[in-house]
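**Q** start39.txt is reproduced in full below (compact mmCIF, C-alpha atoms).
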# COMPACT_ATOMS: atom_id res chain seq x y z
CA GLU D 1 -43.22 -26.26 38.27
CA ASN D 2 -46.46 -24.28 38.45
CA ASN D 3 -44.93 -22.09 41.14
CA ASN D 4 -41.94 -21.41 38.90
CA ASN D 5 -44.25 -20.50 36.01
CA ASN D 6 -46.17 -18.14 38.28
CA LYS D 7 -42.92 -16.49 39.34
CA ASN D 8 -42.03 -15.91 35.71
CA TRP D 9 -45.23 -13.90 35.27
CA THR D 10 -44.85 -11.54 38.20
CA PRO D 11 -45.37 -7.83 37.48
CA MET D 12 -41.62 -7.25 37.89
CA ASN D 13 -40.71 -9.91 35.31
CA ILE D 14 -43.39 -8.73 32.88
CA LEU D 15 -42.09 -5.17 33.13
CA THR D 16 -38.38 -6.02 32.87
CA ARG D 17 -38.54 -8.76 30.23
CA GLY D 18 -41.03 -6.79 28.17
CA THR D 19 -38.81 -3.69 28.13
CA PRO D 20 -38.16 -3.91 24.35
CA LEU D 21 -41.92 -3.88 23.69
CA TRP D 22 -42.55 -1.03 26.12
CA THR D 23 -39.70 0.91 24.48
CA LEU D 24 -41.26 0.52 21.03
CA VAL D 25 -44.66 1.54 22.39
CA SER D 26 -43.13 4.61 24.04
CA ALA D 27 -41.39 5.60 20.80
CA TYR D 28 -44.62 5.12 18.83
CA ILE D 29 -46.55 7.29 21.29
CA GLY D 30 -43.91 10.02 21.13
CA ILE D 31 -43.80 10.07 17.31
CA THR D 32 -47.57 9.75 16.83
CA PHE D 33 -48.62 12.25 19.49
CA PRO D 34 -45.73 14.76 19.66
CA SER D 35 -47.87 17.64 20.88
CA SER D 36 -49.34 15.59 23.73
CA THR D 37 -45.94 14.26 24.83
CA SER D 38 -43.83 17.32 24.11
CA ALA D 39 -43.49 18.03 27.84
CA LEU D 40 -41.34 14.91 28.14
CA SER D 41 -38.88 16.33 25.60
CA SER D 42 -38.18 19.44 27.66
CA LEU D 43 -34.71 19.86 29.12
CA THR D 44 -36.07 19.91 32.67
CA VAL D 45 -37.86 16.56 32.30
CA THR D 46 -34.90 15.01 30.47
CA ARG D 47 -32.51 16.04 33.23
CA SER D 48 -34.93 14.78 35.87
CA CYS D 49 -35.27 11.39 34.18
CA LEU D 50 -31.51 11.00 33.78
CA THR D 51 -30.97 12.01 37.40
CA THR D 52 -33.63 9.53 38.55
CA LEU D 53 -32.02 6.80 36.47
CA MET D 54 -28.59 7.42 38.01
CA LEU D 55 -30.09 7.70 41.51
CA SER D 56 -31.74 4.30 41.11
CA MET D 57 -28.40 2.87 39.98
CA GLY D 58 -26.66 4.39 42.99
CA ILE D 59 -29.16 2.80 45.35
CA ALA D 60 -28.99 -0.54 43.54
CA VAL D 61 -25.20 -0.66 43.94
CA THR D 62 -23.78 -1.11 47.43
CA PRO D 63 -20.77 0.97 48.54
CA THR D 64 -18.71 -2.24 48.69
CA ASP D 65 -19.60 -3.06 45.09
CA MET D 66 -18.67 0.44 43.95
CA SER D 67 -15.26 0.50 45.64
CA ARG D 68 -14.52 -2.99 44.30
CA ALA D 69 -15.39 -1.90 40.76
CA ILE D 70 -13.24 1.24 40.95
CA PHE D 71 -10.11 -0.17 42.60
CA LYS D 72 -10.04 -3.70 41.17
CA SER D 73 -11.23 -3.21 37.59
CA SER D 74 -8.86 -0.68 36.03
CA ARG D 75 -8.03 -3.01 33.12
CA TYR D 76 -11.72 -3.38 32.30
CA VAL D 77 -12.19 0.39 32.42
CA VAL D 78 -9.33 0.85 29.95
CA LEU D 79 -10.69 -1.91 27.68
CA ASN D 80 -14.14 -0.31 27.69
CA ALA D 81 -12.65 3.07 26.79
CA ILE D 82 -10.79 1.49 23.84
CA LEU D 83 -13.99 -0.16 22.60
CA CYS D 84 -15.98 3.06 23.08
CA PHE D 85 -13.57 5.52 21.45
CA LEU D 86 -11.71 3.33 18.94
CA LEU D 87 -13.83 0.35 17.92
CA MET D 88 -17.20 2.10 17.72
CA PRO D 89 -16.07 5.19 15.72
CA LEU D 90 -14.30 2.95 13.20
CA LEU D 91 -17.37 0.72 12.91
CA ALA D 92 -19.52 3.83 12.37
CA LEU D 93 -17.19 4.96 9.59
CA GLY D 94 -17.28 1.50 7.98
CA ILE D 95 -21.07 1.24 8.17
CA ALA D 96 -21.44 4.72 6.67
CA HIS D 97 -19.22 3.80 3.72
CA GLY D 98 -20.96 0.43 3.29
CA CYS D 99 -24.60 1.53 3.50
CA GLY D 100 -24.29 4.87 1.68
CA PRO D 101 -23.94 3.43 -1.85
CA LEU D 102 -26.81 0.99 -1.22
CA PHE D 103 -29.27 3.79 -0.46
CA ARG D 104 -28.02 6.38 -2.95
CA PRO D 105 -30.03 5.03 -5.97
CA MET D 106 -33.25 5.20 -3.90
CA MET D 107 -32.69 8.73 -2.69
CA THR D 108 -34.08 11.88 -4.21
CA MET D 109 -31.65 14.62 -5.22
CA MET D 110 -32.32 16.44 -1.97
CA GLU D 111 -31.72 13.28 0.05
CA GLN D 112 -28.48 12.60 -1.81
CA GLN D 113 -27.28 16.05 -0.81
CA GLN D 114 -28.00 15.08 2.82
CA GLN D 115 -25.95 11.88 2.63
CA GLN D 116 -22.77 13.54 3.89
CA ALA D 117 -24.76 14.99 6.77
CA LEU D 118 -26.14 11.52 7.56
CA LYS D 119 -22.61 10.11 7.55
CA THR D 120 -21.55 12.88 9.90
CA GLY D 121 -24.41 12.05 12.25
CA LEU D 122 -23.46 8.37 12.32
CA ILE D 123 -19.81 9.15 13.07
CA LEU D 124 -20.93 11.53 15.82
CA LEU D 125 -23.01 8.72 17.31
CA GLY D 126 -20.08 6.33 17.24
CA SER D 127 -17.72 8.86 18.82
CA VAL D 128 -19.67 9.92 21.91
CA SER D 129 -19.48 8.39 25.37
CA GLY D 130 -21.61 5.62 26.84
CA GLY D 131 -25.22 6.40 27.70
CA GLN D 132 -26.71 6.28 31.19
CA ALA D 133 -29.32 3.73 30.11
CA SER D 134 -26.51 1.16 29.85
CA ASN D 135 -26.40 1.02 33.66
CA LEU D 136 -30.00 -0.15 33.78
CA PHE D 137 -29.49 -2.61 30.93
CA ALA D 138 -26.37 -4.05 32.59
CA LEU D 139 -28.32 -4.55 35.82
CA LEU D 140 -31.18 -6.30 34.03
CA ALA D 141 -28.77 -8.40 31.93
CA GLY D 142 -27.10 -9.92 34.98
CA GLY D 143 -23.98 -7.81 34.55
CA ASP D 144 -22.07 -5.81 37.15
CA ALA D 145 -24.05 -2.61 37.79
CA ALA D 146 -21.22 -0.97 39.76
CA LEU D 147 -18.77 -1.72 36.95
CA SER D 148 -21.24 -0.34 34.40
CA VAL D 149 -21.60 2.91 36.35
CA THR D 150 -17.80 3.19 36.49
CA PHE D 151 -17.60 2.63 32.72
CA THR D 152 -20.23 5.29 32.02
CA LEU D 153 -18.69 7.91 34.29
CA PHE D 154 -15.19 7.34 32.91
CA THR D 155 -16.20 7.51 29.24
CA THR D 156 -18.39 10.55 29.88
CA ILE D 157 -15.49 12.46 31.43
CA LEU D 158 -12.95 11.19 28.89
CA GLY D 159 -15.38 11.98 26.06
CA ALA D 160 -14.99 15.71 26.70
CA VAL D 161 -11.54 15.37 25.09
CA ALA D 162 -11.86 12.16 23.06
CA THR D 163 -15.06 12.95 21.17
CA PRO D 164 -13.95 16.19 19.45
CA ALA D 165 -10.54 14.66 18.67
CA ILE D 166 -12.12 11.60 17.03
CA ILE D 167 -14.63 13.69 15.09
CA GLY D 168 -11.87 15.96 13.82
CA CYS D 169 -9.80 12.96 12.75
CA LEU D 170 -12.56 10.96 11.03
CA LEU D 171 -14.45 13.85 9.44
CA GLY D 172 -11.25 15.78 8.67
CA GLY D 173 -10.84 18.88 6.58
CA GLY D 174 -14.09 20.47 7.74
CA GLY D 175 -12.58 22.99 10.08
CA GLY D 176 -11.01 20.59 12.54
CA ALA D 177 -12.47 19.03 15.61
CA VAL D 178 -15.91 19.86 16.94
CA ALA D 179 -15.72 22.32 19.82
CA VAL D 180 -17.05 20.85 23.04
CA ASP D 181 -17.68 22.86 26.21
CA VAL D 182 -15.50 20.81 28.58
CA VAL D 183 -16.63 22.72 31.66
CA GLY D 184 -20.26 22.31 30.63
CA VAL D 185 -19.81 18.57 30.08
CA LEU D 186 -18.18 18.18 33.50
CA ARG D 187 -21.00 20.14 35.13
CA SER D 188 -23.52 17.89 33.43
CA VAL D 189 -21.65 14.82 34.66
CA MET D 190 -21.75 16.18 38.19
CA SER D 191 -25.44 17.07 38.18
CA LEU D 192 -26.76 14.13 36.15
CA ALA D 193 -24.50 11.30 37.27
CA ILE D 194 -22.06 11.82 40.12
CA ILE D 195 -24.30 13.71 42.58
CA PRO D 196 -27.33 11.38 42.29
CA LEU D 197 -24.99 8.38 42.33
CA LEU D 198 -23.31 9.56 45.54
CA LEU D 199 -26.73 10.31 47.01
CA GLY D 200 -27.85 6.76 46.26
CA LEU D 201 -24.67 5.27 47.70
CA SER D 202 -25.01 7.46 50.81
CA THR D 203 -28.59 6.32 51.31
CA SER D 204 -27.45 2.70 51.16
CA ARG D 205 -24.77 3.37 53.77
CA ILE D 206 -27.01 5.37 56.14
CA ALA D 207 -29.93 2.92 56.17
CA PRO D 208 -28.67 -0.37 54.68
CA LYS D 209 -31.45 -2.63 55.97
CA PHE D 210 -34.24 -0.29 54.92
CA VAL D 211 -32.72 0.18 51.47
CA GLU D 212 -32.11 -3.54 51.03
CA ASN D 213 -35.67 -4.54 51.98
CA LYS D 214 -37.80 -1.62 50.82
CA ILE D 215 -36.06 0.53 48.21
CA ARG D 216 -33.55 -1.57 46.26
CA PRO D 217 -36.19 -4.01 44.89
CA LEU D 218 -37.94 -1.03 43.26
CA CYS D 219 -34.84 0.29 41.48
CA PRO D 220 -35.33 -1.69 38.24
CA ILE D 221 -38.93 -0.46 37.95
CA VAL D 222 -37.97 3.16 38.60
CA GLY D 223 -35.11 2.88 36.10
CA ILE D 224 -37.33 1.39 33.40
CA ILE D 225 -39.99 4.07 33.84
CA ALA D 226 -37.34 6.81 33.63
CA THR D 227 -35.91 5.22 30.47
CA LEU D 228 -39.35 4.97 28.83
CA CYS D 229 -39.99 8.64 29.59
CA LEU D 230 -36.66 9.52 27.96
CA VAL D 231 -37.53 7.48 24.85
CA THR D 232 -40.99 9.05 24.58
CA GLY D 233 -39.60 12.56 24.96
CA ALA D 234 -36.82 11.96 22.45
CA ALA D 235 -39.27 10.54 19.91
CA ALA D 236 -41.63 13.47 20.39
CA GLY D 237 -38.86 16.04 20.08
CA SER D 238 -37.42 14.34 16.98
CA SER D 239 -40.68 13.40 15.25
CA LYS D 240 -40.34 16.05 12.51
CA LEU D 241 -36.83 14.87 11.64
CA LEU D 242 -37.78 11.19 11.76
CA LEU D 243 -40.74 11.74 9.42
CA SER D 244 -38.97 14.09 7.01
CA GLU D 245 -38.06 11.76 4.10
CA PRO D 246 -38.89 8.01 3.91
CA THR D 247 -35.59 6.83 2.41
CA THR D 248 -33.57 9.05 4.72
CA VAL D 249 -35.50 7.72 7.71
CA GLY D 250 -34.95 4.15 6.53
CA TYR D 251 -31.21 4.79 6.24
CA ALA D 252 -31.09 6.40 9.69
CA ILE D 253 -32.96 3.52 11.31
CA LEU D 254 -30.78 0.91 9.58
CA VAL D 255 -27.39 2.40 10.43
CA SER D 256 -28.38 3.37 13.98
CA THR D 257 -29.47 -0.25 14.51
CA LEU D 258 -26.46 -1.84 12.81
CA LEU D 259 -23.94 0.14 14.87
CA PRO D 260 -24.93 -1.23 18.31
CA ILE D 261 -25.53 -4.75 16.97
CA VAL D 262 -22.15 -4.98 15.19
CA GLY D 263 -20.40 -3.24 18.08
CA GLY D 264 -22.01 -5.55 20.60
CA LEU D 265 -21.06 -8.67 18.62
CA ALA D 266 -17.48 -7.42 18.16
CA SER D 267 -17.07 -6.68 21.87
CA LEU D 268 -18.59 -10.08 22.70
CA ALA D 269 -16.04 -11.77 20.44
CA ILE D 270 -13.22 -9.84 22.11
CA ALA D 271 -14.43 -10.48 25.67
CA ARG D 272 -15.38 -14.14 25.41
CA PRO D 273 -13.19 -16.22 23.07
CA ILE D 274 -10.18 -13.87 22.97
CA LEU D 275 -9.85 -12.48 26.51
CA ARG D 276 -12.03 -15.14 28.21
CA LEU D 277 -13.51 -12.70 30.70
CA LYS D 278 -16.00 -13.77 33.34
CA GLU D 279 -19.59 -13.89 32.18
CA HIS D 280 -20.90 -10.96 34.22
CA VAL D 281 -17.96 -8.80 33.11
CA THR D 282 -18.56 -9.83 29.49
CA ARG D 283 -22.23 -8.86 29.68
CA THR D 284 -21.38 -5.51 31.25
CA LEU D 285 -18.75 -4.76 28.63
CA VAL D 286 -21.03 -5.70 25.71
CA VAL D 287 -23.98 -3.65 26.99
CA GLU D 288 -21.75 -0.66 27.70
CA THR D 289 -20.13 -0.83 24.25
CA LEU D 290 -23.40 -0.92 22.31
CA SER D 291 -25.10 1.71 24.49
CA LYS D 292 -23.97 5.10 23.21
CA SER D 293 -25.35 8.49 24.22
CA PRO D 294 -27.57 9.54 21.28
CA THR D 295 -28.76 12.62 23.16
CA LEU D 296 -25.23 14.05 23.23
CA ALA D 297 -24.71 13.15 19.56
CA TYR D 298 -28.04 14.81 18.71
CA VAL D 299 -27.11 18.07 20.46
CA LEU D 300 -23.63 18.15 18.89
CA ALA D 301 -25.12 17.54 15.45
CA LEU D 302 -27.67 20.34 15.76
CA ARG D 303 -25.13 22.77 17.16
CA HIS D 304 -22.23 22.14 14.79
CA PHE D 305 -23.49 20.39 11.64
CA GLY D 306 -27.18 21.22 11.20
CA ALA D 307 -30.49 19.36 11.28
CA GLY D 308 -29.47 16.87 8.57
CA ALA D 309 -26.70 15.44 10.72
CA ALA D 310 -29.12 15.13 13.65
CA ILE D 311 -31.38 12.61 11.85
CA VAL D 312 -29.26 9.54 12.67
CA PRO D 313 -28.81 10.44 16.38
CA ALA D 314 -32.54 11.17 16.57
CA ALA D 315 -33.34 7.71 15.22
CA ALA D 316 -30.75 6.23 17.59
CA MET D 317 -32.62 7.58 20.59
CA VAL D 318 -35.16 4.87 19.80
CA THR D 319 -33.09 2.13 18.13
CA LEU D 320 -30.32 2.07 20.75
CA ALA D 321 -32.90 1.81 23.51
CA VAL D 322 -34.64 -1.06 21.71
CA VAL D 323 -31.40 -2.96 21.00
CA GLY D 324 -30.10 -2.44 24.53
CA ALA D 325 -33.40 -3.44 26.08
CA ALA D 326 -33.62 -6.53 23.87
CA VAL D 327 -30.12 -7.68 24.82
CA ALA D 328 -30.84 -7.07 28.51
CA SER D 329 -34.17 -8.90 28.28
CA VAL D 330 -32.61 -11.99 26.66
CA TRP D 331 -29.70 -12.13 29.09
CA SER D 332 -32.02 -11.64 32.08
CA MET D 333 -33.47 -15.10 31.30
CA ILE D 334 -30.02 -16.76 31.23
CA PRO D 335 -28.37 -17.34 34.64
CA VAL D 336 -24.84 -16.03 35.19
CA PRO D 337 -22.73 -19.13 36.02
CA ASP D 338 -19.68 -17.49 37.55
CA ARG D 339 -20.82 -14.44 39.52
CA GLU D 340 -17.69 -13.60 41.44
CA GLU D 341 -15.82 -10.49 42.41
CA VAL D 342 -14.15 -8.44 39.71
CA ASN D 343 -10.44 -9.02 40.07
Could you rewrite the structure in this file as structure tokens?
**A**
Amino acid sequence: ENNNNNKNWTPMNILTRGTPLWTLVSAYIGITFPSSTSALSSLTVTRSCLTTLMLSMGIAVTPTDMSRAIFKSSRYVVLNAILCFLLMPLLALGIAHGCGPLFRPMMTMMEQQQQQALKTGLILLGSVSGGQASNLFALLAGGDAALSVTFTLFTTILGAVATPAIIGCLLGGGGGAVAVDVVGVLRSVMSLAIIPLLLGLSTSRIAPKFVENKIRPLCPIVGIIATLCLVTGAAAGSSKLLLSEPTTVGYAILVSTLLPIVGGLASLAIARPILRLKEHVTRTLVVETLSKSPTLAYVLALRHFGAGAAIVPAAAMVTLAVVGAAVASVWSMIPVPDREEVN
């Protein structure tokens, strides 16, 4: 029993299970010391961290796992796309309509004028693709990392078409759908996800024993460090927006926290009692559904709707990471009873 207790307090377990705390600390550092951490918010560092995160996922997933996830899980990929681009945007719209009237009496006149922009930001958040951090969270949660990577890549590519169509439909009347640079999105997918993923998979194939014994055990640590750097940089880059108005910030934090929690619970209800999916598939699907890409939503908001619409995605850079890390941390302590092949 003492040996088991000692194993629970290894540096790896402390780092992985304490991810929600480290995420909050990273966000606090970024918001409190934006000038000192501004380097982490640069595009170069952000791209490097995302690339590192995907590379670690590629190494963590064996080529056999990846081919199994792609060729034997098409129904799960379709289900995840439906949850990502139908369930989550509708939940965002519902949360915006439900929380808006609650906060309106507490808002100043200027904040009330920003309410439509805040609603826009929330709908943008609900309409974008899955975030790369979901791959790490799925791995830590005992899910299927290869399946998670497949989900993320598919929704990222599909989002080039789906996201502007959904935004145009839900926001309506404001000039149609948001223009998205499809070629630019595909290039980003190649450089940030597909190339490092293929590099990781190739490394596993070229030197399987070395990767299995020396490199793969370090992947969760590398992924967590990359994620914490992303959170710190996002908090530093968004600190002015997050500290602009107290009621507005409270609204942004609330709705950006409610969206992943409600979305995660809804997907859990669909996967478990309704579809009765295997546990590791259920965990992967839930983590992927609640883990949106706030960075993409933030950029779209700034480019097409202004700084007011970017407040909710800016807050979500922190809240989504905390919620995802918390879910992964809890599930990492609960064994997966039926770890079998996806079929």
**Q** Neighbouring residues of region 216-227 of chain D were defined as those with any atom within 8 Å, considering all atoms listed in the file; residues of the same chain fewer than 2 positions away were excluded. Please report them as a PyMOL selection string.
**A** chain D and resi 12+15-16+19+49-50+52-53+56-57+59-60+133+136+139-140+211-214+229-231
**Q** With distances taken over only C-alpha atoms, which residue among D:Leu147, D:Ala326, D:Leu243, D:Leu201 lies nearest Ser74 (chain D)?
**A**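 The shortest atom-to-atom distance to Ser74 (chain D) comes from D:Leu147.
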**Q** Of the candidates D:Ala236, D:Ala271, D:Ala314, D:Ala162, which one gets nearest to Ser36 (chain D) if we count only C-alpha atoms?
**A**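 Going through D:Ala236, D:Ala271, D:Ala314, D:Ala162 one by one, the smallest distance to Ser36 (chain D) is for D:Ala236.
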**Q** Could the centre and edge lengths of an axis-aligned box, enclosing all atoms of region 229-239 of chain D in the file with 6 Å extra on each side, be given in Å to one decimal as AutoDock Vina command-line options?
**A**
--center_x -39.1 --center_y 11.8 --center_z 22.4 --size_x 17.0 --size_y 20.6 --size_z 26.3
**Q** Can you pull out the residues contacting region 91-97 of chain D? Cut-off 12 Å, using only C-alpha atoms, and skip same-chain residues under 6 positions away; I want them as an mmCIF file with C-alpha atoms, in the frame of the given file.
**A**
data_model
loop_
_atom_site.group_PDB
_atom_site.id
_atom_site.type_symbol
_atom_site.label_atom_id
_atom_site.label_comp_id
_atom_site.auth_asym_id
_atom_site.auth_seq_id
_atom_site.Cartn_x
_atom_site.Cartn_y
_atom_site.Cartn_z
ATOM 1 C CA LEU D 83 -13.990 -0.160 22.600
ATOM 2 C CA CYS D 84 -15.980 3.060 23.080
ATOM 3 C CA PHE D 85 -13.570 5.520 21.450
ATOM 4 C CA PHE D 103 -29.270 3.790 -0.460
ATOM 5 C CA ARG D 104 -28.020 6.380 -2.950
ATOM 6 C CA GLN D 115 -25.950 11.880 2.630
ATOM 7 C CA GLN D 116 -22.770 13.540 3.890
ATOM 8 C CA ALA D 117 -24.760 14.990 6.770
ATOM 9 C CA LEU D 118 -26.140 11.520 7.560
ATOM 10 C CA LYS D 119 -22.610 10.110 7.550
ATOM 11 C CA THR D 120 -21.550 12.880 9.900
ATOM 12 C CA GLY D 121 -24.410 12.050 12.250
ATOM 13 C CA LEU D 122 -23.460 8.370 12.320
ATOM 14 C CA ILE D 123 -19.810 9.150 13.070
ATOM 15 C CA LEU D 124 -20.930 11.530 15.820
ATOM 16 C CA LEU D 125 -23.010 8.720 17.310
ATOM 17 C CA GLY D 126 -20.080 6.330 17.240
ATOM 18 C CA SER D 127 -17.720 8.860 18.820
ATOM 19 C CA VAL D 128 -19.670 9.920 21.910
ATOM 20 C CA ILE D 166 -12.120 11.600 17.030
ATOM 21 C CA ILE D 167 -14.630 13.690 15.090
ATOM 22 C CA CYS D 169 -9.800 12.960 12.750
ATOM 23 C CA LEU D 170 -12.560 10.960 11.030
ATOM 24 C CA LEU D 171 -14.450 13.850 9.440
ATOM 25 C CA TYR D 251 -31.210 4.790 6.240
ATOM 26 C CA ALA D 252 -31.090 6.400 9.690
ATOM 27 C CA LEU D 254 -30.780 0.910 9.580
ATOM 28 C CA VAL D 255 -27.390 2.400 10.430
ATOM 29 C CA SER D 256 -28.380 3.370 13.980
ATOM 30 C CA THR D 257 -29.470 -0.250 14.510
ATOM 31 C CA LEU D 258 -26.460 -1.840 12.810
ATOM 32 C CA LEU D 259 -23.940 0.140 14.870
ATOM 33 C CA PRO D 260 -24.930 -1.230 18.310
ATOM 34 C CA ILE D 261 -25.530 -4.750 16.970
ATOM 35 C CA VAL D 262 -22.150 -4.980 15.190
ATOM 36 C CA GLY D 263 -20.400 -3.240 18.080
ATOM 37 C CA GLY D 264 -22.010 -5.550 20.600
ATOM 38 C CA LEU D 265 -21.060 -8.670 18.620
ATOM 39 C CA ALA D 266 -17.480 -7.420 18.160
ATOM 40 C CA SER D 267 -17.070 -6.680 21.870
ATOM 41 C CA THR D 289 -20.130 -0.830 24.250
ATOM 42 C CA LEU D 290 -23.400 -0.920 22.310
ATOM 43 C CA LYS D 292 -23.970 5.100 23.210
ATOM 44 C CA VAL D 312 -29.260 9.540 12.670
#
**Q** So what do you get for CA of Ala235 (chain D) versus CA of Leu40 (chain D), distance-wise?
**A**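 Between CA of Ala235 (chain D) and CA of Leu40 (chain D) the gap is 9.5 Å.
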**Q** Take CA of Val286 (chain D) and CA of Leu158 (chain D) and report the distance between them in Å, one decimal.
**A**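 Separating CA of Val286 (chain D) from CA of Leu158 (chain D) is a distance of 19.0 Å.
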**Q** For region 23-31 of chain D, find every residue with an atom within 8 Å (counting only C-alpha atoms), except residues of its own chain fewer than 4 positions away, and show them as an MDAnalysis selection string.
**A** chainID D and resid 19 37:38 228:229 231:239 318 321:322 325
**Q** Show which residues sit within 10 Å of Phe305 (chain D), as a PyMOL selection string. Count only C-alpha atoms, and ignore same-chain residues fewer than 3 positions away.
**A** chain D and resi 117+120-121+178+299-302+308-310
**Q** Please produce a file of those selected residues containing C-alpha atoms, as a PDB file, in the frame of the given file.
**A**
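Here's the written file selection13.pdb:
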ATOM      1  CA  ALA D 117     -24.760  14.990   6.770  1.00  0.00           C
ATOM      2  CA  THR D 120     -21.550  12.880   9.900  1.00  0.00           C
ATOM      3  CA  GLY D 121     -24.410  12.050  12.250  1.00  0.00           C
ATOM      4  CA  VAL D 178     -15.910  19.860  16.940  1.00  0.00           C
ATOM      5  CA  VAL D 299     -27.110  18.070  20.460  1.00  0.00           C
ATOM      6  CA  LEU D 300     -23.630  18.150  18.890  1.00  0.00           C
ATOM      7  CA  ALA D 301     -25.120  17.540  15.450  1.00  0.00           C
ATOM      8  CA  LEU D 302     -27.670  20.340  15.760  1.00  0.00           C
ATOM      9  CA  GLY D 308     -29.470  16.870   8.570  1.00  0.00           C
ATOM     10  CA  ALA D 309     -26.700  15.440  10.720  1.00  0.00           C
ATOM     11  CA  ALA D 310     -29.120  15.130  13.650  1.00  0.00           C
TER      12      ALA D 310
END
**Q** Kindly give the distance, in Å, that separates CA of Lys240 (chain D) and CA of Ile311 (chain D), rounded to a single decimal.
**A** 9.6 Å
**Q** Between D:Val45, D:Ala315, D:Ala141, D:Ala81, which is the closest to Pro335 (chain D) once you count all atoms listed in the file?
**A**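 That would be D:Ala141, the residue with the smallest distance to Pro335 (chain D).
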**Q** Write out as a ChimeraX atom specification which residues come within 6 Å of Pro313 (chain D) when counting all atoms listed in the file, dropping same-chain ones fewer than 5 positions away.
**A** /D:294,297-298
